[in-house]
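Participant: My structure is stored as data38.txt, with compact mmCIF, C-alpha atoms.
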```
# COMPACT_ATOMS: atom_id res chain seq x y z
CA MET A 20 0.00 0.00 0.00
CA ASN A 21 1.39 3.38 -0.99
CA LEU A 22 -0.68 5.57 1.29
CA ASP A 23 1.17 7.51 3.94
CA ASP A 24 0.07 7.54 7.56
CA ALA A 25 -1.90 10.76 7.27
CA GLN A 26 -3.80 9.53 4.22
CA ILE A 27 -4.65 6.28 5.95
CA MET A 28 -5.85 8.10 9.05
CA LYS A 29 -7.99 10.40 6.94
CA ARG A 30 -9.66 7.38 5.36
CA VAL A 31 -10.04 5.67 8.71
CA GLN A 32 -11.70 8.82 10.00
CA GLY A 33 -13.94 8.67 6.97
CA GLY A 34 -15.09 5.16 7.86
CA GLN A 35 -12.61 2.83 6.14
CA LEU A 36 -11.74 1.18 9.42
CA PRO A 37 -9.87 -1.88 8.09
CA LEU A 38 -7.12 0.41 6.84
CA PHE A 39 -6.02 0.90 10.42
CA ASP A 40 -4.49 -2.59 10.23
CA GLU A 41 -1.86 -1.19 7.89
CA LEU A 42 -0.72 1.24 10.56
CA VAL A 43 -0.57 -1.55 13.09
CA LEU A 44 1.60 -3.61 10.77
CA ARG A 45 3.89 -0.66 10.16
CA TYR A 46 4.62 0.15 13.77
CA GLN A 47 3.91 -2.80 16.00
CA GLU A 48 7.43 -4.25 15.99
CA SER A 49 9.25 -1.09 16.91
CA LEU A 50 6.62 -0.20 19.50
CA ILE A 51 6.92 -3.59 21.12
CA ARG A 52 10.70 -3.29 21.25
CA VAL A 53 10.51 0.03 23.03
CA ALA A 54 7.76 -1.08 25.40
CA ARG A 55 9.59 -4.32 26.11
CA SER A 56 12.76 -2.45 26.91
CA LYS A 57 10.96 0.05 29.11
CA LEU A 58 8.70 -2.37 30.97
CA GLY A 59 11.01 -5.37 31.04
CA GLU A 60 8.17 -7.85 30.63
CA ALA A 61 7.08 -9.07 27.21
CA ALA A 62 3.47 -9.68 28.17
CA TRP A 63 3.09 -6.20 29.63
CA ALA A 64 4.74 -4.71 26.59
CA GLU A 65 2.30 -6.44 24.27
CA ASP A 66 -0.65 -5.30 26.34
CA VAL A 67 0.53 -1.71 26.39
CA VAL A 68 1.24 -1.64 22.66
CA GLN A 69 -2.16 -3.15 21.94
CA GLU A 70 -3.75 -0.58 24.21
CA ALA A 71 -1.86 2.21 22.46
CA PHE A 72 -3.21 1.12 19.08
CA LEU A 73 -6.71 0.76 20.44
CA ALA A 74 -6.55 4.16 22.09
CA ALA A 75 -5.36 5.76 18.86
CA PHE A 76 -8.16 4.00 17.02
CA ALA A 77 -10.79 5.03 19.56
CA ALA A 78 -9.54 8.62 19.58
CA ARG A 79 -9.10 8.75 15.80
CA ALA A 80 -11.43 11.73 15.56
CA THR A 81 -8.91 13.85 17.46
CA TYR A 82 -6.10 13.09 15.03
CA ASP A 83 -5.13 16.05 12.89
CA CYS A 84 -2.92 15.74 9.82
CA ARG A 85 -0.97 18.81 10.99
CA PHE A 86 0.98 16.48 13.25
CA SER A 87 2.52 13.12 12.46
CA PHE A 88 0.59 9.95 13.28
CA ARG A 89 3.88 8.30 14.16
CA THR A 90 4.71 10.97 16.74
CA TRP A 91 1.20 10.73 18.16
CA LEU A 92 1.45 6.96 18.51
CA TRP A 93 4.84 7.14 20.21
CA THR A 94 3.58 9.78 22.60
CA ILE A 95 0.62 7.60 23.52
CA LEU A 96 2.88 4.60 24.00
CA LEU A 97 5.35 6.39 26.27
CA ASN A 98 2.53 7.77 28.39
CA LEU A 99 0.86 4.37 28.68
CA CYS A 100 4.21 2.79 29.58
CA ARG A 101 4.67 5.33 32.36
CA ARG A 102 1.20 4.59 33.63
CA GLN A 103 1.92 0.86 33.49
CA LEU A 104 5.15 1.35 35.45
CA LYS A 105 3.27 3.25 38.10
CA GLN A 106 0.74 0.47 38.39
CA GLN A 107 3.51 -2.10 38.51
CA SER A 108 5.19 -0.31 41.35
CA ARG A 109 2.01 -0.76 43.38
CA ARG A 110 1.71 -4.47 42.53
CA PRO A 111 4.12 -7.35 43.20
CA ARG A 112 6.22 -8.25 40.19
CA PRO A 113 5.68 -11.68 38.57
CA VAL A 114 8.18 -14.28 39.66
CA SER A 115 9.11 -15.39 36.14
CA ASP A 116 12.37 -14.35 34.56
CA PRO A 117 11.43 -11.44 32.30
CA ALA A 118 13.80 -12.54 29.57
CA MET A 119 12.60 -16.08 29.46
CA ASN A 120 8.83 -15.96 29.69
CA SER A 121 6.74 -17.92 27.24
CA ALA A 122 6.62 -15.21 24.62
CA ALA A 123 10.34 -14.74 24.78
CA ILE A 124 10.92 -18.46 24.51
CA ALA A 125 8.60 -18.56 21.52
CA GLY A 126 10.69 -15.91 19.87
CA VAL A 127 13.90 -17.72 20.65
CA VAL A 128 12.61 -21.05 19.37
CA GLU A 129 11.49 -19.44 16.16
CA ARG A 130 15.03 -18.33 15.47
CA ALA A 131 16.62 -21.56 16.56
CA ASN A 132 16.58 -22.97 13.07
CA HIS A 133 19.31 -20.59 12.04
CA GLU A 134 21.33 -19.95 15.14
CA THR A 135 23.05 -21.94 17.78
CA GLY A 136 21.64 -22.14 21.26
CA LEU A 137 24.76 -20.53 22.71
CA SER A 138 24.60 -17.45 20.56
CA LEU A 139 20.93 -17.04 21.37
CA LEU A 140 21.62 -17.26 25.05
CA LEU A 141 24.35 -14.68 24.71
CA ALA A 142 22.07 -12.39 22.76
CA SER A 143 19.34 -12.83 25.32
CA GLU A 144 21.76 -12.03 28.09
CA GLN A 145 22.92 -8.92 26.24
CA THR A 146 19.35 -7.79 25.80
CA GLN A 147 18.65 -8.33 29.45
CA LEU A 148 21.75 -6.39 30.40
CA LEU A 149 20.80 -3.52 28.11
CA THR A 150 17.36 -3.33 29.69
CA GLN A 151 19.00 -3.25 33.09
CA TYR A 152 21.49 -0.53 32.10
CA LEU A 153 18.81 1.61 30.52
CA ASN A 154 16.84 1.42 33.73
CA GLU A 155 19.84 2.88 35.53
CA LEU A 156 19.94 5.96 33.29
CA PRO A 157 17.80 9.04 33.85
CA GLU A 158 14.38 8.29 32.38
CA ALA A 159 14.52 11.01 29.73
CA GLN A 160 17.87 9.78 28.41
CA ALA A 161 16.80 6.16 28.45
CA ASP A 162 13.55 6.96 26.62
CA ALA A 163 15.41 9.00 24.02
CA LEU A 164 17.77 6.07 23.44
CA ARG A 165 14.89 3.61 23.14
CA LEU A 166 13.10 5.85 20.66
CA ARG A 167 16.26 6.33 18.61
CA PHE A 168 17.54 2.75 18.56
CA PHE A 169 14.47 0.57 19.01
CA GLY A 170 11.88 2.91 17.52
CA GLU A 171 14.27 4.22 14.86
CA LEU A 172 12.78 7.69 15.21
CA LYS A 173 14.51 10.71 13.75
CA PHE A 174 15.72 13.32 16.21
CA ASP A 175 12.96 15.77 15.38
CA GLU A 176 10.38 13.04 15.99
CA ILE A 177 12.01 12.24 19.33
CA ALA A 178 11.85 15.93 20.19
CA ARG A 179 8.13 16.13 19.44
CA THR A 180 7.35 12.85 21.17
CA MET A 181 9.23 13.87 24.29
CA ASN A 182 8.13 17.49 24.08
CA CYS A 183 11.65 18.91 24.01
CA SER A 184 13.81 20.81 21.54
CA LEU A 185 15.73 19.17 18.72
CA ASN A 186 19.00 19.95 20.47
CA GLY A 187 17.54 18.65 23.69
CA ALA A 188 16.70 15.35 22.01
CA LYS A 189 20.21 15.06 20.60
CA MET A 190 21.77 15.87 23.96
CA ARG A 191 19.64 13.23 25.64
CA VAL A 192 20.75 10.61 23.16
CA ARG A 193 24.40 11.69 23.31
CA ASN A 194 24.57 11.85 27.10
CA GLY A 195 22.60 8.64 27.43
CA LEU A 196 24.99 6.85 25.10
CA LEU A 197 28.02 8.16 26.96
CA LYS A 198 26.63 6.98 30.28
CA LEU A 199 25.61 3.67 28.82
CA ALA A 200 29.07 3.09 27.30
CA HIS A 201 30.61 4.00 30.65
CA LEU A 202 28.34 1.55 32.48
CA ILE A 203 29.22 -1.22 30.05
CA ARG A 204 32.95 -0.60 30.45
CA VAL A 205 32.74 -0.47 34.23
CA ARG A 206 30.69 -3.68 34.47
CA GLU A 207 32.89 -5.48 31.99
CA GLY A 208 35.91 -4.37 34.00
CA ASP A 209 34.28 -5.70 37.16
CA THR A 210 33.65 -9.12 35.68
CA GLN A 211 37.20 -9.55 34.35
CA MET B 6 29.03 15.94 6.20
CA ASN B 7 29.44 17.93 9.41
CA CYS B 8 29.85 16.58 12.93
CA ASP B 9 26.15 16.94 13.69
CA GLN B 10 25.20 14.86 10.66
CA ALA B 11 27.92 12.39 11.57
CA PHE B 12 26.29 11.89 14.96
CA ASP B 13 22.94 11.29 13.22
CA CYS B 14 24.56 8.58 11.11
CA LEU B 15 26.41 7.03 14.04
CA THR B 16 23.17 6.55 15.91
CA ASP B 17 21.40 5.05 12.90
CA ARG B 18 22.37 1.42 12.45
CA HIS B 19 21.46 1.55 8.77
CA LEU B 20 23.89 4.39 8.12
CA ARG B 21 26.70 3.55 10.51
CA ASP B 22 28.78 1.86 7.82
CA SER B 23 28.13 4.41 5.12
CA ASP B 24 31.07 5.63 3.04
CA GLU B 25 30.23 9.21 3.76
CA LEU B 26 30.42 8.66 7.52
CA ASN B 27 33.65 6.73 7.19
CA ARG B 28 35.18 9.56 5.19
CA HIS B 29 34.12 12.04 7.88
CA LEU B 30 35.51 9.86 10.66
CA ALA B 31 38.80 9.54 8.83
CA ASN B 32 39.17 13.31 8.82
CA CYS B 33 37.62 14.22 12.16
CA PRO B 34 39.46 13.02 15.26
CA ARG B 35 36.73 14.29 17.57
CA CYS B 36 33.99 12.24 15.92
CA ARG B 37 36.30 9.26 15.61
CA GLN B 38 36.97 9.43 19.32
CA MET B 39 33.22 9.69 19.99
CA SER B 40 32.54 6.70 17.76
CA GLU B 41 35.12 4.60 19.57
CA THR B 42 33.80 5.64 22.97
CA LEU B 43 30.25 4.76 22.07
CA GLU B 44 31.03 1.54 20.23
CA PRO B 45 30.05 -0.81 23.11
CA ALA B 46 26.68 0.90 23.41
CA PHE B 47 26.04 0.67 19.68
CA GLY B 48 26.95 -3.00 19.72
CA MET B 49 24.55 -3.70 22.53
CA PHE B 50 21.69 -1.91 20.83
CA ASP B 51 22.30 -3.63 17.51
CA SER B 52 22.31 -7.00 19.18
CA ALA B 53 19.13 -6.18 21.09
CA VAL B 54 17.27 -4.96 18.01
CA GLU B 55 18.12 -8.16 16.17
CA ASN B 56 17.37 -10.49 19.03
CA LEU B 57 14.75 -8.89 21.18
CA PRO B 58 11.85 -11.33 21.09
CA LEU B 59 8.72 -9.66 19.85
CA GLY B 60 6.28 -12.09 21.38
CA THR B 61 3.01 -12.59 19.64
CA PRO B 62 1.76 -9.47 18.05
CA ILE B 63 -0.96 -8.36 17.89
CA LEU B 64 -3.96 -6.61 16.64
CA SER B 65 -6.38 -6.90 13.82
CA GLN B 66 -9.12 -4.61 12.67
CA GLN B 67 -11.60 -6.89 14.41
CA ASP B 68 -9.79 -6.19 17.66
CA ALA B 69 -9.92 -2.52 16.91
CA GLU B 70 -13.64 -2.62 16.29
CA ARG B 71 -14.04 -4.17 19.69
CA SER B 72 -12.17 -1.24 21.13
CA THR B 73 -15.17 0.07 23.00
CA GLY B 74 -15.16 -3.10 25.06
CA PRO B 75 -13.78 -2.98 28.55
CA VAL B 76 -11.20 -5.75 28.15
CA LEU B 77 -8.14 -3.80 27.01
CA LEU B 78 -9.13 -0.28 26.37
CA SER B 79 -9.79 1.97 29.31
CA LEU B 80 -11.30 5.41 29.22
CA GLU B 81 -8.05 6.62 30.69
CA SER B 82 -6.01 5.42 27.72
CA ILE B 83 -8.40 7.16 25.31
CA ARG B 84 -7.86 10.32 27.34
CA VAL B 85 -4.12 9.80 27.04
CA ALA B 86 -4.50 9.63 23.24
CA GLU B 87 -6.76 12.67 23.12
CA ALA B 88 -4.46 14.69 25.35
CA ALA B 89 -1.48 13.77 23.18
CA ALA B 90 -3.41 14.90 20.09
CA VAL B 91 -4.24 18.24 21.68
CA GLU B 92 -0.64 18.77 22.74
CA LEU B 93 0.75 17.93 19.31
CA LYS B 94 -1.86 20.12 17.63
CA THR B 95 -0.82 23.00 19.84
CA ASP B 96 2.85 22.39 19.02
CA ALA B 97 2.05 22.26 15.32
CA GLY B 98 0.23 25.59 15.61
CA ARG B 99 3.09 27.08 17.58
CA ASN B 100 5.51 26.21 14.80
CA THR B 101 3.60 28.33 12.33
CA VAL B 102 3.49 31.45 14.45
CA MET B 103 6.32 33.80 15.31
CA PRO B 104 8.26 32.96 18.45
CA ARG B 105 7.46 35.27 21.35
CA ARG B 106 10.87 36.93 21.29
CA MET B 107 10.54 37.63 17.56
CA MET B 108 7.10 39.10 18.15
CA ARG B 109 8.53 41.50 20.72
CA TYR B 110 11.22 42.62 18.30
CA ALA B 111 8.66 43.00 15.51
CA ALA B 112 6.36 45.05 17.75
CA ALA B 113 9.23 47.30 18.82
CA PHE B 114 10.28 47.74 15.20
CA LEU B 115 6.77 48.58 14.07
CA ALA B 116 6.27 51.04 16.91
CA GLY B 117 9.55 52.74 16.05
CA THR B 118 8.66 52.88 12.36
CA ALA B 119 5.22 54.31 13.11
CA ALA B 120 6.68 56.97 15.40
CA THR B 121 9.28 57.91 12.80
CA MET B 122 6.66 58.17 10.08
CA LEU B 123 4.48 60.30 12.30
CA VAL B 124 7.32 62.70 13.04
CA LEU B 125 8.37 62.85 9.39
CA ALA B 126 4.82 63.42 8.23
CA PHE B 127 4.36 66.17 10.80
CA GLN B 128 7.66 67.83 9.87
CA GLY B 129 6.89 67.52 6.17
CA GLU B 130 3.62 69.31 6.55
CA ARG B 131 5.23 72.00 8.65
CA GLY B 132 7.88 72.37 5.98
CA ASP B 133 5.19 73.05 3.39
CA GLY B 134 4.15 76.01 5.42
CA GLN B 135 0.57 75.11 4.76
CA GLN B 136 -0.43 73.29 7.91
CA GLN B 137 0.88 73.72 11.39
CA ALA B 138 -0.77 72.29 14.46
CA THR B 139 -1.18 74.51 17.50
CA ALA B 140 -0.25 73.22 20.93
CA PHE B 141 -3.91 72.91 21.83
CA GLN B 142 -4.70 70.90 18.73
CA LEU B 143 -1.82 68.54 19.37
CA THR B 144 -3.10 67.82 22.85
CA GLN B 145 -6.37 66.79 21.23
CA CYS B 146 -4.57 64.05 19.35
CA SER B 147 -5.97 60.77 20.64
CA MET B 148 -3.18 58.88 19.03
CA LEU B 149 -0.43 60.73 20.92
CA PHE B 150 -2.48 61.31 24.06
CA PRO B 151 -5.05 58.56 24.51
CA ASN B 152 -6.78 60.51 27.31
CA ALA B 153 -6.56 63.88 25.65
CA GLY B 154 -9.11 66.38 26.89
CA SER B 155 -12.33 64.79 27.93
CA GLN B 156 -12.06 62.03 25.34
CA SER B 157 -11.45 58.83 27.20
CA LYS B 158 -12.27 56.58 24.25
CA TRP B 159 -11.87 56.63 20.53
CA THR B 160 -14.89 58.43 19.16
CA ALA B 161 -15.54 60.08 15.83
CA GLN B 162 -14.82 63.45 17.37
CA SER B 163 -11.51 62.35 18.84
CA ALA B 164 -10.58 60.61 15.62
CA MET B 165 -11.17 63.72 13.64
CA LEU B 166 -9.32 65.92 16.08
CA THR B 167 -6.44 63.53 16.07
CA CYS B 168 -6.17 63.66 12.36
CA VAL B 169 -6.85 67.29 11.77
CA ALA B 170 -4.49 68.35 14.51
CA CYS B 171 -1.57 67.17 12.47
CA HIS B 172 -2.62 67.00 8.90
CA SER B 173 -4.87 69.93 8.24
CA SER B 174 -4.90 71.98 11.38
CA ALA B 175 -4.89 75.33 9.67
CA SER B 176 -8.01 74.62 7.72
CA VAL B 177 -9.94 73.77 10.86
CA SER B 178 -8.54 76.33 13.20
CA GLY B 179 -9.24 79.13 10.79
CA ASP B 180 -5.63 80.25 10.56
CA ARG B 181 -6.03 80.08 6.85
CA PRO B 182 -9.02 80.87 4.67
CA THR B 183 -11.25 77.87 4.46
CA THR B 184 -13.24 78.79 1.46
CA SER B 185 -10.59 77.98 -1.10
CA GLY B 186 -10.90 74.72 -2.97
CA GLU B 187 -7.33 73.80 -2.08
CA THR B 188 -7.82 74.00 1.65
CA ASP B 189 -11.10 72.19 1.47
CA LYS B 190 -9.40 69.39 -0.41
CA ALA B 191 -6.63 69.18 2.18
CA ALA B 192 -9.13 68.98 5.02
CA MET B 193 -11.05 66.24 3.30
CA SER B 194 -7.86 64.35 2.68
CA SER B 195 -7.04 64.55 6.37
CA LEU B 196 -10.41 63.31 7.39
CA ARG B 197 -10.32 60.43 4.97
CA THR B 198 -6.90 59.52 6.27
CA CYS B 199 -8.09 59.29 9.80
CA LEU B 200 -11.50 57.83 9.38
CA ALA B 201 -10.50 55.24 6.83
CA CYS B 202 -8.19 53.58 9.30
CA HIS B 203 -9.97 54.08 12.58
CA VAL B 204 -13.32 52.40 12.89
CA VAL B 205 -16.00 54.90 13.66
CA ASP B 206 -19.57 55.18 12.72
CA LEU B 207 -19.82 57.13 9.50
CA ASP B 208 -22.86 59.20 10.42
CA ASP B 209 -21.32 59.97 13.75
CA ALA B 210 -18.13 60.96 12.00
CA LEU B 211 -19.92 63.29 9.63
CA ASN B 212 -21.90 64.90 12.40
CA ALA B 213 -18.71 65.43 14.33
CA ALA B 214 -17.07 66.89 11.27
CA ASP B 215 -19.98 69.21 10.64
CA GLN B 216 -20.01 70.35 14.24
CA SER B 217 -16.29 70.94 14.28
CA HIS B 218 -16.34 72.93 11.09
CA SER B 219 -19.27 75.04 12.08
CA GLU B 220 -17.40 75.93 15.25
CA THR B 221 -14.51 77.16 13.14
CA ASP B 222 -16.72 79.17 10.88
CA SER B 223 -16.25 77.11 7.80
CA SER B 224 -19.59 76.66 6.21
CA ALA B 225 -18.04 75.90 2.87
CA HIS B 226 -16.15 73.09 4.48
CA ALA B 227 -19.25 71.67 5.97
CA SER B 228 -21.04 71.60 2.67
CA GLY B 229 -18.02 70.03 1.08
CA LEU B 230 -17.92 67.24 3.65
CA ASN B 231 -21.57 66.45 3.20
CA GLY B 232 -21.09 66.01 -0.49
CA ARG B 233 -18.20 63.60 -0.19
CA THR B 234 -19.18 61.03 2.33
CA ALA B 235 -18.16 58.13 0.12
CA ASN B 236 -14.60 59.42 -0.05
CA ILE B 237 -14.15 58.99 3.66
CA LEU B 238 -13.66 55.27 3.19
CA ARG B 239 -10.52 55.86 1.22
CA CYS B 240 -7.28 56.82 2.84
CA GLY B 241 -5.93 59.88 1.16
CA TRP B 242 -2.82 60.00 3.31
CA LEU B 243 -1.72 56.53 2.31
CA ALA B 244 -2.63 57.08 -1.33
CA ALA B 245 -0.68 60.33 -1.48
CA ARG B 246 2.40 58.62 -0.04
CA GLY B 247 2.18 55.53 -2.24
```
Mind turning the file's structure into structure tokens?

Facilitator:
Amino acid sequence: MNLDDAQIMKRVQGGQLPLFDELVLRYQESLIRVARSKLGEAAWAEDVVQEAFLAAFAARATYDCRFSFRTWLWTILLNLCRRQLKQQSRRPRPVSDPAMNSAAIAGVVERANHETGLSLLLASEQTQLLTQYLNELPEAQADALRLRFFGELKFDEIARTMNCSLNGAKMRVRNGLLKLAHLIRVREGDTQ
Amino acid sequence: MNCDQAFDCLTDRHLRDSDELNRHLANCPRCRQMSETLEPAFGMFDSAVENLPLGTPILSQQDAERSTGPVLLSLESIRVAEAAAVELKTDAGRNTVMPRRMMRYAAAFLAGTAATMLVLAFQGERGDGQQQATAFQLTQCSMLFPNAGSQSKWTAQSAMLTCVACHSSASVSGDRPTTSGETDKAAMSSLRTCLACHVVDLDDALNAADQSHSETDSSAHASGLNGRTANILRCGWLAARG
């Protein structure tokens, strides 16, 4: 389909509801990556992403083509993630290992045809470590990094999503990366 | 490619190996140093993007149509979406208008320009030797003195006094003969100038003009004004100055 997001949303607003599926297909992977990294639990991430799409769909009348659908969706997702984290902090965390829940295992098994078990374990460990390190960064820097690397947003989109300036978005990514690289070096030094 | 663009490329895994970036890194020690410092972080992100399990997505249009159901979608999340839309709409609007600081500069510039034009226009008319406002008439100027005399708001009378005080004072004050066609024309021009810009009721304006001119013993003026009401809508001052 060659329609851009704004054109699709216009048609969805006009009643062509099935077109919304196209937007879901376009963004679900990157949204899940970000939510997964922010929430640490695959099941929660899926719920939040699904809720973000449903909220955008339910509030489709408020969408305006003067702003980007993509930015709107990311803003909704980040806000829902924050809300989810607040709720989590009030509830006991599930006992299961976040990296190895059923959904994660399903993903790992799917890739097992092409990769060795060892490399997958290493990759999984890396991912888990990254999630842990990002949680140690200031939230704004960590979110900016997630949006840049998992969401693959441009800096101006990050700025709009996080309601900051373009330079602010770049500084968040730069400082976040520097801190992250420092953390990695320090931890690697500790383990050797 | 400058250093800013190089940073954009470094943080984009699709562009990190581009020739252009490599050329920049080869010539820029600062960016090369940055790239080396951040390398472990880039590696970790790349690995995570490739290996982060996505679980079992997700949604179909049928799910979306059920969105009014209570299972997943809460009223609160719809509010989150609506609030985000309002915020982004506001930001989009803000981008199209002048920043506040620019507006202040623009306002100061316009005020300065207007003041300069006023002074120049006043001096020009004095230089012609045809029209010269008296001190009393200047104090009637609502533009210079918003509370001049008893006029606390912009009325037809104050508008006319404001204009005539500067532009055609002699014709009203009776310093010069008011029966000549030339003076009558100048007075009309002044009135049109003022009234065309400042919103006043036309009838009110004409009555005020009549009253003012009768006070200054200019019956010819008064008859001239009555015959040219349509001209009041046109700004003679602006037209004369291009």

Participant: Once you count only C-alpha atoms, which residues of chain A turn out to be within 8 Å of chain B? Could you give them as a PyMOL selection string?

Facilitator: chain A and resi 36-40+43+47-48+51-52+61-62+65-66+69-78+81-83+85-86+91+94-95+98-99+122-127+139+142-143+145-146+149+167-169+171+179+196-197+199-200+203-204

Participant: CA of Ala64 in chain A and CA of Cys100 in chain A, how far apart in Å?

Facilitator: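 For CA of Cys100 in chain A relative to CA of Ala64 in chain A, the distance reads 8.1 Å.
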
Participant: Report as a tab-separated table (two decimals) with C-alpha atoms, keeping the file's coordinate frame all protein, DNA and RNA residues lying within 6 Å of Ala178 in chain A, evaluated on all atoms listed in the file, omitting residues in the same chain fewer than 6 positions from it.

Facilitator:
```
chain	number	residue	atom	x	y	z
A	184	SER	CA	13.81	20.81	21.54
A	185	LEU	CA	15.73	19.17	18.72
A	188	ALA	CA	16.70	15.35	22.01
```

Participant: In Å, how far is it from CA of Arg101 in chain A to CA of Met181 in chain A?

Facilitator: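 Between these atoms lies a distance of 12.6 Å.
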
Participant: Have a look at CA of Leu96 in chain A and CA of Lys29 in chain A and let me know their distance in Å, one decimal.

Facilitator: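 Separation of CA of Leu96 in chain A and CA of Lys29 in chain A: 21.0 Å.
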
Participant: Neighbours of Gln151 in chain A within 12 Å (only C-alpha atoms; same-chain residues fewer than 3 positions away dropped), as a ChimeraX atom specification?

Facilitator: /A:55-59,117-118,144-148,154-156,161,199,202-203,206 /B:49
